[in-house]
Amino acid sequence: MLSDIHANLAALEAVLKHAEARKGLDLVWSLGDFVGYGPQPNEILELLRRYPLAGVAGNHDRAATGAIDRSEFNDDAAIANAWNARRLSEESTAFLRDLPEVLLDPAARAVCCHGSLRFPIWEYMYSDEAAVAQFERMSTPYSFVGHTHVPLVIEEPDASGEIDAFQPEDGELVQLGERRLILNPGSVGQPRDHDSRAAYALLDTEARTVTFSRVPYAIEKTQMLMREAGLPPRLIARLRVGR
Ligand code: ZN
């Protein structure tokens with residue numbers, strides 16, 4: 001389960017290598033924002049397409065293909081998105097354009113989207129209200145979301161109505177059981193939880209576990225390419241601090 005790769009090839013290579021060393025990968029899920037911010041939009045898509053791949057669209061993907069405009073983006077994000085859009089090959093553009101907003105994976109008993117089932121492209125899963133709305137719309141026990149760039153597990157409220165949520169740490173394993181869950185693997189290409197390491201999660205459908213991992217990668221490699229591309233300095237700097 002990958003999300004928010006944001007055209008960061010060094011980070012993507014690191015997580016795929018890490019995941020493959022742990023388990024053979026049957027399927028790579030990408031929960032949107034393949035592109036934007038980073039310097040290698042075509043390269044990350046070429047690498048991903050060597051795997052059995054399932055994906056959904058994020059706001060940056062939709063903006064890069066012109067399906068939505070960039071007026072909702074802050075200046076740096078808009079500049080980097082436009083830069084990404086100009087570089088996309090025809091094949092990359094077609095791939096992004098064809099991404100659905102929501103995908104169901106019956107084998108994983110999960111539904112996947114970038115933001116939320118209510119507003120797949122835009123909504124951040126920040127509030128209890130958003131989580132409740134998500135659980136109401138889930139026809140499966142689990143949903144995987146991205147968009148916030150922060151790893152998170154939200155448990156369905158029990159009879160008391162209280163929502164339990166926690167930020168899983170590197171190596172943390174969540175056993176899938178009776179309780180329905182919303183899970184966010186964090187961001188591969190631009191983590192925002194003050195940990196600069198790339199984040200992803202491994203879903204084992206046989207053991208019924210989700211393992212969250214953080215993987216160091218050559219941040220300076222991506223930063224150098226961003227500098228060469230003339231991308232906004234603030235976006236270059238934030239990779240080092242992970243926020
Ligand atoms: Zn994103």
# chains A, B, ... in the order shown; residues from 1 in each chain; ligands from 1

call {"tool": "select_by_dssp", "arguments": {"residues": "stretch 3-236 of chain A", "states": "strand (DSSP E or B)", "output": "ChimeraX atom specification"}}
result
/A:28-30,53-55,102-105,110-113,142-144,152-155,164-166,173-175,181-184,198-204,209-215

call {"tool": "residues_near_ligand", "arguments": {"ligand": "ligand 1", "cutoff": "9 Å", "atoms": "only C-alpha atoms and all ligand atoms", "output": "list in words"}}
result
Ser3, Asp4, Ile5, His6, Gly32, Asp33, Phe34, Val35, Gly36, Tyr37, Gly58, Asn59, His60, His114, Gly146, His147, Thr148, His149, Ser187, Gly189 and Gln190 of chain A

call {"tool": "residues_around", "arguments": {"residues": "stretch 117-127 of chain A", "least_positions_apart": "2", "cutoff": "8 Å", "atoms": "only C-alpha atoms", "output": "PDB file with N, CA and C atoms, in the first residue's frame"}}
result
ATOM      1  N   ALA A  57      -6.946   7.924  -8.194  1.00  0.00           N
ATOM      2  CA  ALA A  57      -6.446   9.271  -8.482  1.00  0.00           C
ATOM      3  C   ALA A  57      -6.447  10.148  -7.245  1.00  0.00           C
ATOM      4  N   GLY A  58      -5.443  11.012  -7.162  1.00  0.00           N
ATOM      5  CA  GLY A  58      -5.393  12.050  -6.146  1.00  0.00           C
ATOM      6  C   GLY A  58      -5.575  13.419  -6.777  1.00  0.00           C
ATOM      7  N   ASN A  59      -5.673  14.440  -5.933  1.00  0.00           N
ATOM      8  CA  ASN A  59      -5.874  15.788  -6.452  1.00  0.00           C
ATOM      9  C   ASN A  59      -4.735  16.242  -7.369  1.00  0.00           C
ATOM     10  N   GLU A 101     -11.607   7.005  -9.065  1.00  0.00           N
ATOM     11  CA  GLU A 101     -11.512   7.699  -7.771  1.00  0.00           C
ATOM     12  C   GLU A 101     -11.609   6.722  -6.604  1.00  0.00           C
ATOM     13  N   VAL A 102     -12.313   5.620  -6.827  1.00  0.00           N
ATOM     14  CA  VAL A 102     -12.516   4.627  -5.767  1.00  0.00           C
ATOM     15  C   VAL A 102     -12.355   3.240  -6.378  1.00  0.00           C
ATOM     16  N   CYS A 113      -9.231   4.752  -1.690  1.00  0.00           N
ATOM     17  CA  CYS A 113      -9.414   6.046  -2.333  1.00  0.00           C
ATOM     18  C   CYS A 113      -8.331   6.984  -1.807  1.00  0.00           C
ATOM     19  N   HIS A 114      -8.198   8.144  -2.438  1.00  0.00           N
ATOM     20  CA  HIS A 114      -7.140   9.068  -2.013  1.00  0.00           C
ATOM     21  C   HIS A 114      -7.517   9.805  -0.725  1.00  0.00           C
ATOM     22  N   GLY A 115      -8.652  10.484  -0.748  1.00  0.00           N
ATOM     23  CA  GLY A 115      -9.041  11.296   0.408  1.00  0.00           C
ATOM     24  C   GLY A 115     -10.057  10.600   1.291  1.00  0.00           C
ATOM     25  N   GLU A 129     -15.704  13.398  12.579  1.00  0.00           N
ATOM     26  CA  GLU A 129     -16.879  13.458  11.694  1.00  0.00           C
ATOM     27  C   GLU A 129     -16.551  12.827  10.337  1.00  0.00           C
ATOM     28  N   ALA A 130     -15.372  13.128   9.811  1.00  0.00           N
ATOM     29  CA  ALA A 130     -14.963  12.549   8.516  1.00  0.00           C
ATOM     30  C   ALA A 130     -14.796  11.037   8.631  1.00  0.00           C
ATOM     31  N   ALA A 131     -14.275  10.589   9.771  1.00  0.00           N
ATOM     32  CA  ALA A 131     -14.084   9.144   9.974  1.00  0.00           C
ATOM     33  C   ALA A 131     -15.427   8.423  10.050  1.00  0.00           C
ATOM     34  N   ALA A 133     -18.239   9.399   8.741  1.00  0.00           N
ATOM     35  CA  ALA A 133     -18.806   9.409   7.382  1.00  0.00           C
ATOM     36  C   ALA A 133     -18.155   8.322   6.519  1.00  0.00           C
ATOM     37  N   GLN A 134     -16.881   8.101   6.732  1.00  0.00           N
ATOM     38  CA  GLN A 134     -16.168   7.060   5.976  1.00  0.00           C
ATOM     39  C   GLN A 134     -16.701   5.666   6.349  1.00  0.00           C
ATOM     40  N   ARG A 137     -19.925   4.761   4.797  1.00  0.00           N
ATOM     41  CA  ARG A 137     -19.902   4.486   3.361  1.00  0.00           C
ATOM     42  C   ARG A 137     -19.140   3.219   2.995  1.00  0.00           C
ATOM     43  N   MET A 138     -18.506   2.583   3.969  1.00  0.00           N
ATOM     44  CA  MET A 138     -17.693   1.396   3.672  1.00  0.00           C
ATOM     45  C   MET A 138     -18.554   0.139   3.625  1.00  0.00           C
ATOM     46  N   HIS A 147      -3.465  11.026   1.202  1.00  0.00           N
ATOM     47  CA  HIS A 147      -3.765  12.456   1.129  1.00  0.00           C
ATOM     48  C   HIS A 147      -3.194  13.284   2.286  1.00  0.00           C
ATOM     49  N   THR A 148      -3.197  12.776   3.524  1.00  0.00           N
ATOM     50  CA  THR A 148      -2.694  13.591   4.635  1.00  0.00           C
ATOM     51  C   THR A 148      -1.173  13.477   4.787  1.00  0.00           C
TER      52      THR A 148
END

call {"tool": "residues_around", "arguments": {"residues": "A:Leu96", "least_positions_apart": "3", "cutoff": "8 Å", "atoms": "only C-alpha atoms", "output": "ChimeraX atom specification"}}
result
/A:57,61-62,65,92-93,99

call {"tool": "closest_atom_pairs", "arguments": {"of": "stretch 100-151 of chain A", "to": "stretch 161-182 of chain A", "cutoff": "6 Å", "atoms": "only C-alpha atoms", "output": "JSON lines"}}
result
{"residue": "A:Pro141", "atom": "CA", "partner": "A:Arg180", "partner_atom": "CA", "distance": 4.7}
{"residue": "A:Tyr142", "atom": "CA", "partner": "A:Leu181", "partner_atom": "CA", "distance": 5.0}
{"residue": "A:Ser143", "atom": "CA", "partner": "A:Ile182", "partner_atom": "CA", "distance": 4.9}
{"residue": "A:Phe144", "atom": "CA", "partner": "A:Ile182", "partner_atom": "CA", "distance": 5.9}
{"residue": "A:Pro151", "atom": "CA", "partner": "A:Gln167", "partner_atom": "CA", "distance": 5.7}

call {"tool": "write_last_selection", "arguments": {"atoms": "all heavy atoms", "output": "PDB file, in the first residue's frame"}}
result
ATOM      1  N   PRO A 141     -14.767  -4.292   5.408  1.00  0.00           N
ATOM      2  CA  PRO A 141     -14.261  -4.037   6.760  1.00  0.00           C
ATOM      3  C   PRO A 141     -13.158  -2.964   6.805  1.00  0.00           C
ATOM      4  O   PRO A 141     -12.978  -2.316   7.824  1.00  0.00           O
ATOM      5  CB  PRO A 141     -13.684  -5.388   7.196  1.00  0.00           C
ATOM      6  CG  PRO A 141     -14.250  -6.396   6.269  1.00  0.00           C
ATOM      7  CD  PRO A 141     -14.586  -5.697   4.999  1.00  0.00           C
ATOM      8  N   TYR A 142     -12.447  -2.818   5.688  1.00  0.00           N
ATOM      9  CA  TYR A 142     -11.279  -1.928   5.733  1.00  0.00           C
ATOM     10  C   TYR A 142     -11.319  -0.923   4.595  1.00  0.00           C
ATOM     11  O   TYR A 142     -11.768  -1.238   3.498  1.00  0.00           O
ATOM     12  CB  TYR A 142      -9.975  -2.752   5.630  1.00  0.00           C
ATOM     13  CG  TYR A 142     -10.017  -3.945   6.535  1.00  0.00           C
ATOM     14  CD1 TYR A 142     -10.099  -5.228   6.029  1.00  0.00           C
ATOM     15  CD2 TYR A 142     -10.049  -3.775   7.928  1.00  0.00           C
ATOM     16  CE1 TYR A 142     -10.194  -6.325   6.879  1.00  0.00           C
ATOM     17  CE2 TYR A 142     -10.147  -4.859   8.771  1.00  0.00           C
ATOM     18  CZ  TYR A 142     -10.219  -6.141   8.239  1.00  0.00           C
ATOM     19  OH  TYR A 142     -10.336  -7.206   9.072  1.00  0.00           O
ATOM     20  N   SER A 143     -10.818   0.271   4.883  1.00  0.00           N
ATOM     21  CA  SER A 143     -10.563   1.191   3.782  1.00  0.00           C
ATOM     22  C   SER A 143      -9.181   1.776   3.945  1.00  0.00           C
ATOM     23  O   SER A 143      -8.710   2.014   5.067  1.00  0.00           O
ATOM     24  CB  SER A 143     -11.631   2.288   3.682  1.00  0.00           C
ATOM     25  OG  SER A 143     -11.515   3.217   4.732  1.00  0.00           O
ATOM     26  N   PHE A 144      -8.535   1.937   2.813  1.00  0.00           N
ATOM     27  CA  PHE A 144      -7.201   2.544   2.777  1.00  0.00           C
ATOM     28  C   PHE A 144      -7.313   3.911   2.113  1.00  0.00           C
ATOM     29  O   PHE A 144      -7.915   4.033   1.046  1.00  0.00           O
ATOM     30  CB  PHE A 144      -6.223   1.665   1.994  1.00  0.00           C
ATOM     31  CG  PHE A 144      -5.802   0.433   2.746  1.00  0.00           C
ATOM     32  CD1 PHE A 144      -6.556  -0.721   2.675  1.00  0.00           C
ATOM     33  CD2 PHE A 144      -4.656   0.440   3.533  1.00  0.00           C
ATOM     34  CE1 PHE A 144      -6.174  -1.865   3.376  1.00  0.00           C
ATOM     35  CE2 PHE A 144      -4.271  -0.692   4.230  1.00  0.00           C
ATOM     36  CZ  PHE A 144      -5.025  -1.855   4.159  1.00  0.00           C
ATOM     37  N   PRO A 151       0.934   8.481   8.457  1.00  0.00           N
ATOM     38  CA  PRO A 151       0.399   7.138   8.718  1.00  0.00           C
ATOM     39  C   PRO A 151      -0.617   7.193   9.859  1.00  0.00           C
ATOM     40  O   PRO A 151      -0.379   7.862  10.864  1.00  0.00           O
ATOM     41  CB  PRO A 151       1.627   6.322   9.148  1.00  0.00           C
ATOM     42  CG  PRO A 151       2.816   7.129   8.758  1.00  0.00           C
ATOM     43  CD  PRO A 151       2.378   8.558   8.730  1.00  0.00           C
TER      44      PRO A 151
END

call {"tool": "closest_atom_pairs", "arguments": {"of": "stretch 61-174 of chain A", "to": "stretch 39-54 of chain A", "cutoff": "8 Å", "atoms": "only C-alpha atoms", "output": "CSV"}}
result
residue,atom,partner,partner_atom,distance
A:Asn84,CA,A:Pro41,CA,6.3
A:Arg87,CA,A:Pro41,CA,7.6
A:Leu88,CA,A:Asn42,CA,6.0
A:Ser89,CA,A:Asn42,CA,6.7
A:Ser92,CA,A:Asn42,CA,6.2

call {"tool": "write_last_selection", "arguments": {"atoms": "N, CA, C and O atoms", "output": "PDB file, in the first residue's frame"}}
result
ATOM      1  N   ASN A  84       5.279  19.377 -13.410  1.00  0.00           N
ATOM      2  CA  ASN A  84       5.031  17.943 -13.629  1.00  0.00           C
ATOM      3  C   ASN A  84       4.176  17.731 -14.885  1.00  0.00           C
ATOM      4  O   ASN A  84       4.478  16.874 -15.717  1.00  0.00           O
ATOM      5  N   ARG A  87       5.868  17.899 -18.205  1.00  0.00           N
ATOM      6  CA  ARG A  87       6.814  16.828 -18.504  1.00  0.00           C
ATOM      7  C   ARG A  87       6.178  15.458 -18.745  1.00  0.00           C
ATOM      8  O   ARG A  87       6.849  14.528 -19.151  1.00  0.00           O
ATOM      9  N   LEU A  88       4.917  15.332 -18.431  1.00  0.00           N
ATOM     10  CA  LEU A  88       4.281  14.015 -18.577  1.00  0.00           C
ATOM     11  C   LEU A  88       4.274  13.551 -20.027  1.00  0.00           C
ATOM     12  O   LEU A  88       3.903  14.316 -20.925  1.00  0.00           O
ATOM     13  N   SER A  89       4.680  12.303 -20.238  1.00  0.00           N
ATOM     14  CA  SER A  89       4.574  11.717 -21.573  1.00  0.00           C
ATOM     15  C   SER A  89       3.095  11.471 -21.861  1.00  0.00           C
ATOM     16  O   SER A  89       2.262  11.495 -20.949  1.00  0.00           O
ATOM     17  N   SER A  92       1.983   8.571 -19.804  1.00  0.00           N
ATOM     18  CA  SER A  92       1.774   8.910 -18.390  1.00  0.00           C
ATOM     19  C   SER A  92       0.461   9.665 -18.200  1.00  0.00           C
ATOM     20  O   SER A  92      -0.303   9.399 -17.268  1.00  0.00           O
TER      21      SER A  92
END

call {"tool": "select_by_dssp", "arguments": {"residues": "stretch 31-242 of chain A", "states": "helix (DSSP H, G or I)", "output": "PyMOL selection string"}}
result
chain A and resi 41-48+59-64+70-72+75-87+90-97+128-137+219-229+233-241

call {"tool": "closest_residue", "arguments": {"among": "A:Ala94, A:Leu183, A:Val153, A:Ala78", "to": "A:Cys112", "atoms": "only C-alpha atoms"}}
result
A:Leu183

call {"tool": "closest_residue", "arguments": {"among": "A:Ala10, A:Ala21, A:Ala85, A:Ala110", "to": "A:Asp69", "atoms": "only C-alpha atoms"}}
result
A:Ala85

call {"tool": "residues_around", "arguments": {"residues": "A:Gly242", "least_positions_apart": "2", "cutoff": "7 Å", "atoms": "only C-alpha atoms", "output": "PyMOL selection string"}}
result
chain A and resi 190-196+238-240

call {"tool": "write_last_selection", "arguments": {"atoms": "all heavy atoms", "output": "PDB file, in the first residue's frame"}}
result
ATOM      1  N   GLN A 190       6.690  12.349   0.239  1.00  0.00           N
ATOM      2  CA  GLN A 190       6.760  13.615   0.968  1.00  0.00           C
ATOM      3  C   GLN A 190       6.101  13.474   2.345  1.00  0.00           C
ATOM      4  O   GLN A 190       5.049  14.050   2.622  1.00  0.00           O
ATOM      5  CB  GLN A 190       6.072  14.731   0.174  1.00  0.00           C
ATOM      6  CG  GLN A 190       6.414  16.114   0.664  1.00  0.00           C
ATOM      7  CD  GLN A 190       5.366  17.121   0.233  1.00  0.00           C
ATOM      8  OE1 GLN A 190       4.279  17.186   0.796  1.00  0.00           O
ATOM      9  NE2 GLN A 190       5.700  17.901  -0.782  1.00  0.00           N
ATOM     10  N   PRO A 191       6.729  12.704   3.249  1.00  0.00           N
ATOM     11  CA  PRO A 191       6.153  12.511   4.595  1.00  0.00           C
ATOM     12  C   PRO A 191       6.009  13.844   5.332  1.00  0.00           C
ATOM     13  O   PRO A 191       6.815  14.757   5.134  1.00  0.00           O
ATOM     14  CB  PRO A 191       7.193  11.628   5.292  1.00  0.00           C
ATOM     15  CG  PRO A 191       7.989  11.003   4.204  1.00  0.00           C
ATOM     16  CD  PRO A 191       8.005  12.002   3.080  1.00  0.00           C
ATOM     17  N   ARG A 192       4.963  13.934   6.149  1.00  0.00           N
ATOM     18  CA  ARG A 192       4.710  15.195   6.871  1.00  0.00           C
ATOM     19  C   ARG A 192       4.525  14.975   8.368  1.00  0.00           C
ATOM     20  O   ARG A 192       3.817  15.729   9.030  1.00  0.00           O
ATOM     21  CB  ARG A 192       3.440  15.867   6.301  1.00  0.00           C
ATOM     22  CG  ARG A 192       3.622  16.387   4.891  1.00  0.00           C
ATOM     23  CD  ARG A 192       2.373  17.053   4.376  1.00  0.00           C
ATOM     24  NE  ARG A 192       2.492  17.349   2.954  1.00  0.00           N
ATOM     25  CZ  ARG A 192       1.469  17.611   2.156  1.00  0.00           C
ATOM     26  NH1 ARG A 192       0.240  17.632   2.650  1.00  0.00           N
ATOM     27  NH2 ARG A 192       1.662  17.863   0.888  1.00  0.00           N
ATOM     28  N   ASP A 193       5.131  13.929   8.910  1.00  0.00           N
ATOM     29  CA  ASP A 193       4.992  13.684  10.348  1.00  0.00           C
ATOM     30  C   ASP A 193       6.329  13.854  11.063  1.00  0.00           C
ATOM     31  O   ASP A 193       6.593  13.199  12.070  1.00  0.00           O
ATOM     32  CB  ASP A 193       4.402  12.292  10.612  1.00  0.00           C
ATOM     33  CG  ASP A 193       5.255  11.177   9.999  1.00  0.00           C
ATOM     34  OD1 ASP A 193       6.191  11.489   9.224  1.00  0.00           O
ATOM     35  OD2 ASP A 193       4.996   9.999  10.300  1.00  0.00           O
ATOM     36  N   HIS A 194       7.168  14.735  10.510  1.00  0.00           N
ATOM     37  CA  HIS A 194       8.468  15.031  11.099  1.00  0.00           C
ATOM     38  C   HIS A 194       9.409  13.824  11.072  1.00  0.00           C
ATOM     39  O   HIS A 194      10.327  13.737  11.882  1.00  0.00           O
ATOM     40  CB  HIS A 194       8.334  15.581  12.528  1.00  0.00           C
ATOM     41  CG  HIS A 194       7.502  16.825  12.583  1.00  0.00           C
ATOM     42  ND1 HIS A 194       8.048  18.079  12.443  1.00  0.00           N
ATOM     43  CD2 HIS A 194       6.178  16.993  12.720  1.00  0.00           C
ATOM     44  CE1 HIS A 194       7.086  18.974  12.508  1.00  0.00           C
ATOM     45  NE2 HIS A 194       5.939  18.345  12.672  1.00  0.00           N
ATOM     46  N   ASP A 195       9.140  12.890  10.195  1.00  0.00           N
ATOM     47  CA  ASP A 195      10.033  11.753   9.966  1.00  0.00           C
ATOM     48  C   ASP A 195      10.255  11.737   8.455  1.00  0.00           C
ATOM     49  O   ASP A 195       9.313  11.524   7.695  1.00  0.00           O
ATOM     50  CB  ASP A 195       9.356  10.463  10.453  1.00  0.00           C
ATOM     51  CG  ASP A 195      10.251   9.241  10.287  1.00  0.00           C
ATOM     52  OD1 ASP A 195      11.216   9.298   9.489  1.00  0.00           O
ATOM     53  OD2 ASP A 195       9.974   8.224  10.946  1.00  0.00           O
ATOM     54  N   SER A 196      11.497  11.996   8.039  1.00  0.00           N
ATOM     55  CA  SER A 196      11.744  12.177   6.605  1.00  0.00           C
ATOM     56  C   SER A 196      11.790  10.861   5.836  1.00  0.00           C
ATOM     57  O   SER A 196      11.824  10.859   4.611  1.00  0.00           O
ATOM     58  CB  SER A 196      13.054  12.937   6.402  1.00  0.00           C
ATOM     59  OG  SER A 196      14.130  12.186   6.955  1.00  0.00           O
ATOM     60  N   ARG A 238      11.633  20.859   2.583  1.00  0.00           N
ATOM     61  CA  ARG A 238      10.740  20.123   3.477  1.00  0.00           C
ATOM     62  C   ARG A 238      10.989  18.609   3.457  1.00  0.00           C
ATOM     63  O   ARG A 238      10.653  17.928   4.416  1.00  0.00           O
ATOM     64  CB  ARG A 238       9.281  20.440   3.165  1.00  0.00           C
ATOM     65  CG  ARG A 238       8.755  19.817   1.870  1.00  0.00           C
ATOM     66  CD  ARG A 238       7.347  20.306   1.523  1.00  0.00           C
ATOM     67  NE  ARG A 238       6.365  20.007   2.547  1.00  0.00           N
ATOM     68  CZ  ARG A 238       5.063  20.312   2.466  1.00  0.00           C
ATOM     69  NH1 ARG A 238       4.613  20.934   1.397  1.00  0.00           N
ATOM     70  NH2 ARG A 238       4.226  20.016   3.427  1.00  0.00           N
ATOM     71  N   LEU A 239      11.584  18.101   2.368  1.00  0.00           N
ATOM     72  CA  LEU A 239      11.839  16.651   2.308  1.00  0.00           C
ATOM     73  C   LEU A 239      12.795  16.216   3.421  1.00  0.00           C
ATOM     74  O   LEU A 239      12.672  15.128   3.960  1.00  0.00           O
ATOM     75  CB  LEU A 239      12.440  16.271   0.944  1.00  0.00           C
ATOM     76  CG  LEU A 239      11.514  16.384  -0.264  1.00  0.00           C
ATOM     77  CD1 LEU A 239      12.260  15.963  -1.518  1.00  0.00           C
ATOM     78  CD2 LEU A 239      10.251  15.550  -0.082  1.00  0.00           C
ATOM     79  N   ARG A 240      13.745  17.107   3.744  1.00  0.00           N
ATOM     80  CA  ARG A 240      14.751  16.776   4.737  1.00  0.00           C
ATOM     81  C   ARG A 240      14.150  16.708   6.163  1.00  0.00           C
ATOM     82  O   ARG A 240      14.559  15.904   6.990  1.00  0.00           O
ATOM     83  CB  ARG A 240      15.886  17.818   4.675  1.00  0.00           C
ATOM     84  CG  ARG A 240      16.967  17.716   5.687  1.00  0.00           C
ATOM     85  CD  ARG A 240      17.705  16.389   5.683  1.00  0.00           C
ATOM     86  NE  ARG A 240      18.432  16.092   4.445  1.00  0.00           N
ATOM     87  CZ  ARG A 240      18.909  14.873   4.154  1.00  0.00           C
ATOM     88  NH1 ARG A 240      18.722  13.863   4.968  1.00  0.00           N
ATOM     89  NH2 ARG A 240      19.559  14.680   3.015  1.00  0.00           N
TER      90      ARG A 240
END

call {"tool": "residues_around", "arguments": {"residues": "stretch 217-234 of chain A", "least_positions_apart": "3", "cutoff": "6 Å", "atoms": "only C-alpha atoms", "output": "ChimeraX atom specification"}}
result
/A:11,14,39,76,237

call {"tool": "write_last_selection", "arguments": {"atoms": "all heavy atoms", "output": "short mmCIF file (atom, residue, chain, number, x, y, z; two decimals), in the first residue's frame"}}
result
data_model
loop_
_atom_site.label_atom_id
_atom_site.label_comp_id
_atom_site.auth_asym_id
_atom_site.auth_seq_id
_atom_site.Cartn_x
_atom_site.Cartn_y
_atom_site.Cartn_z
N ALA A 11 12.64 7.64 -3.38
CA ALA A 11 11.80 7.13 -2.28
C ALA A 11 11.01 5.91 -2.72
O ALA A 11 10.89 4.93 -1.98
CB ALA A 11 10.86 8.24 -1.81
N ALA A 14 13.19 2.83 -2.92
CA ALA A 14 13.54 2.34 -1.58
C ALA A 14 12.41 1.53 -0.96
O ALA A 14 12.64 0.46 -0.40
CB ALA A 14 13.92 3.53 -0.68
N PRO A 39 10.42 15.59 -8.80
CA PRO A 39 11.04 15.84 -10.10
C PRO A 39 10.91 14.73 -11.14
O PRO A 39 11.37 14.91 -12.27
CB PRO A 39 12.51 16.01 -9.72
CG PRO A 39 12.69 15.07 -8.56
CD PRO A 39 11.36 15.05 -7.82
N ASP A 76 3.37 27.14 -4.29
CA ASP A 76 4.44 26.17 -4.55
C ASP A 76 3.89 24.88 -5.16
O ASP A 76 4.47 24.33 -6.09
CB ASP A 76 5.18 25.84 -3.25
CG ASP A 76 6.09 26.98 -2.80
OD1 ASP A 76 6.36 27.90 -3.62
OD2 ASP A 76 6.54 26.96 -1.64
N ALA A 237 13.35 21.85 0.59
CA ALA A 237 13.79 21.83 1.99
C ALA A 237 12.93 20.90 2.85
O ALA A 237 13.43 20.23 3.75
CB ALA A 237 13.77 23.25 2.55
#

call {"tool": "decode", "arguments": {"residues": "stretch 206-212 of chain A", "atoms": "all heavy atoms", "output": "PDB file, in the first residue's frame"}}
result
ATOM      1  N   GLU A 206      -3.172 -13.263   3.895  1.00  0.00           N
ATOM      2  CA  GLU A 206      -3.248 -14.589   4.529  1.00  0.00           C
ATOM      3  C   GLU A 206      -3.120 -14.488   6.045  1.00  0.00           C
ATOM      4  O   GLU A 206      -3.923 -15.032   6.796  1.00  0.00           O
ATOM      5  CB  GLU A 206      -2.177 -15.514   3.949  1.00  0.00           C
ATOM      6  CG  GLU A 206      -2.627 -16.118   2.625  1.00  0.00           C
ATOM      7  CD  GLU A 206      -1.485 -16.688   1.811  1.00  0.00           C
ATOM      8  OE1 GLU A 206      -0.405 -16.949   2.384  1.00  0.00           O
ATOM      9  OE2 GLU A 206      -1.672 -16.852   0.595  1.00  0.00           O
ATOM     10  N   ALA A 207      -2.083 -13.778   6.487  1.00  0.00           N
ATOM     11  CA  ALA A 207      -1.896 -13.610   7.937  1.00  0.00           C
ATOM     12  C   ALA A 207      -2.871 -12.589   8.513  1.00  0.00           C
ATOM     13  O   ALA A 207      -3.011 -12.480   9.721  1.00  0.00           O
ATOM     14  CB  ALA A 207      -0.460 -13.177   8.221  1.00  0.00           C
ATOM     15  N   ARG A 208      -3.531 -11.860   7.626  1.00  0.00           N
ATOM     16  CA  ARG A 208      -4.469 -10.810   8.022  1.00  0.00           C
ATOM     17  C   ARG A 208      -3.800  -9.764   8.925  1.00  0.00           C
ATOM     18  O   ARG A 208      -4.238  -9.486  10.045  1.00  0.00           O
ATOM     19  CB  ARG A 208      -5.722 -11.409   8.685  1.00  0.00           C
ATOM     20  CG  ARG A 208      -6.473 -12.332   7.731  1.00  0.00           C
ATOM     21  CD  ARG A 208      -7.715 -12.979   8.309  1.00  0.00           C
ATOM     22  NE  ARG A 208      -8.610 -12.064   8.997  1.00  0.00           N
ATOM     23  CZ  ARG A 208      -9.390 -11.169   8.422  1.00  0.00           C
ATOM     24  NH1 ARG A 208      -9.367 -11.021   7.116  1.00  0.00           N
ATOM     25  NH2 ARG A 208     -10.180 -10.415   9.135  1.00  0.00           N
ATOM     26  N   THR A 209      -2.712  -9.240   8.389  1.00  0.00           N
ATOM     27  CA  THR A 209      -1.977  -8.195   9.106  1.00  0.00           C
ATOM     28  C   THR A 209      -1.648  -7.039   8.165  1.00  0.00           C
ATOM     29  O   THR A 209      -1.570  -7.224   6.947  1.00  0.00           O
ATOM     30  CB  THR A 209      -0.638  -8.733   9.659  1.00  0.00           C
ATOM     31  OG1 THR A 209       0.128  -9.285   8.572  1.00  0.00           O
ATOM     32  CG2 THR A 209      -0.843  -9.806  10.718  1.00  0.00           C
ATOM     33  N   VAL A 210      -1.454  -5.896   8.765  1.00  0.00           N
ATOM     34  CA  VAL A 210      -0.910  -4.747   8.039  1.00  0.00           C
ATOM     35  C   VAL A 210       0.322  -4.292   8.809  1.00  0.00           C
ATOM     36  O   VAL A 210       0.253  -4.038  10.014  1.00  0.00           O
ATOM     37  CB  VAL A 210      -1.920  -3.585   7.945  1.00  0.00           C
ATOM     38  CG1 VAL A 210      -1.291  -2.390   7.227  1.00  0.00           C
ATOM     39  CG2 VAL A 210      -3.187  -4.026   7.218  1.00  0.00           C
ATOM     40  N   THR A 211       1.462  -4.247   8.120  1.00  0.00           N
ATOM     41  CA  THR A 211       2.701  -3.810   8.763  1.00  0.00           C
ATOM     42  C   THR A 211       3.122  -2.464   8.185  1.00  0.00           C
ATOM     43  O   THR A 211       3.258  -2.314   6.969  1.00  0.00           O
ATOM     44  CB  THR A 211       3.831  -4.834   8.533  1.00  0.00           C
ATOM     45  OG1 THR A 211       3.356  -6.118   8.895  1.00  0.00           O
ATOM     46  CG2 THR A 211       5.057  -4.478   9.357  1.00  0.00           C
ATOM     47  N   PHE A 212       3.306  -1.505   9.059  1.00  0.00           N
ATOM     48  CA  PHE A 212       3.710  -0.156   8.659  1.00  0.00           C
ATOM     49  C   PHE A 212       5.235  -0.053   8.712  1.00  0.00           C
ATOM     50  O   PHE A 212       5.844  -0.514   9.681  1.00  0.00           O
ATOM     51  CB  PHE A 212       3.079   0.889   9.581  1.00  0.00           C
ATOM     52  CG  PHE A 212       1.592   0.983   9.404  1.00  0.00           C
ATOM     53  CD1 PHE A 212       0.739   0.074  10.026  1.00  0.00           C
ATOM     54  CD2 PHE A 212       1.038   1.966   8.598  1.00  0.00           C
ATOM     55  CE1 PHE A 212      -0.644   0.160   9.838  1.00  0.00           C
ATOM     56  CE2 PHE A 212      -0.337   2.055   8.416  1.00  0.00           C
ATOM     57  CZ  PHE A 212      -1.178   1.148   9.036  1.00  0.00           C
TER      58      PHE A 212
END
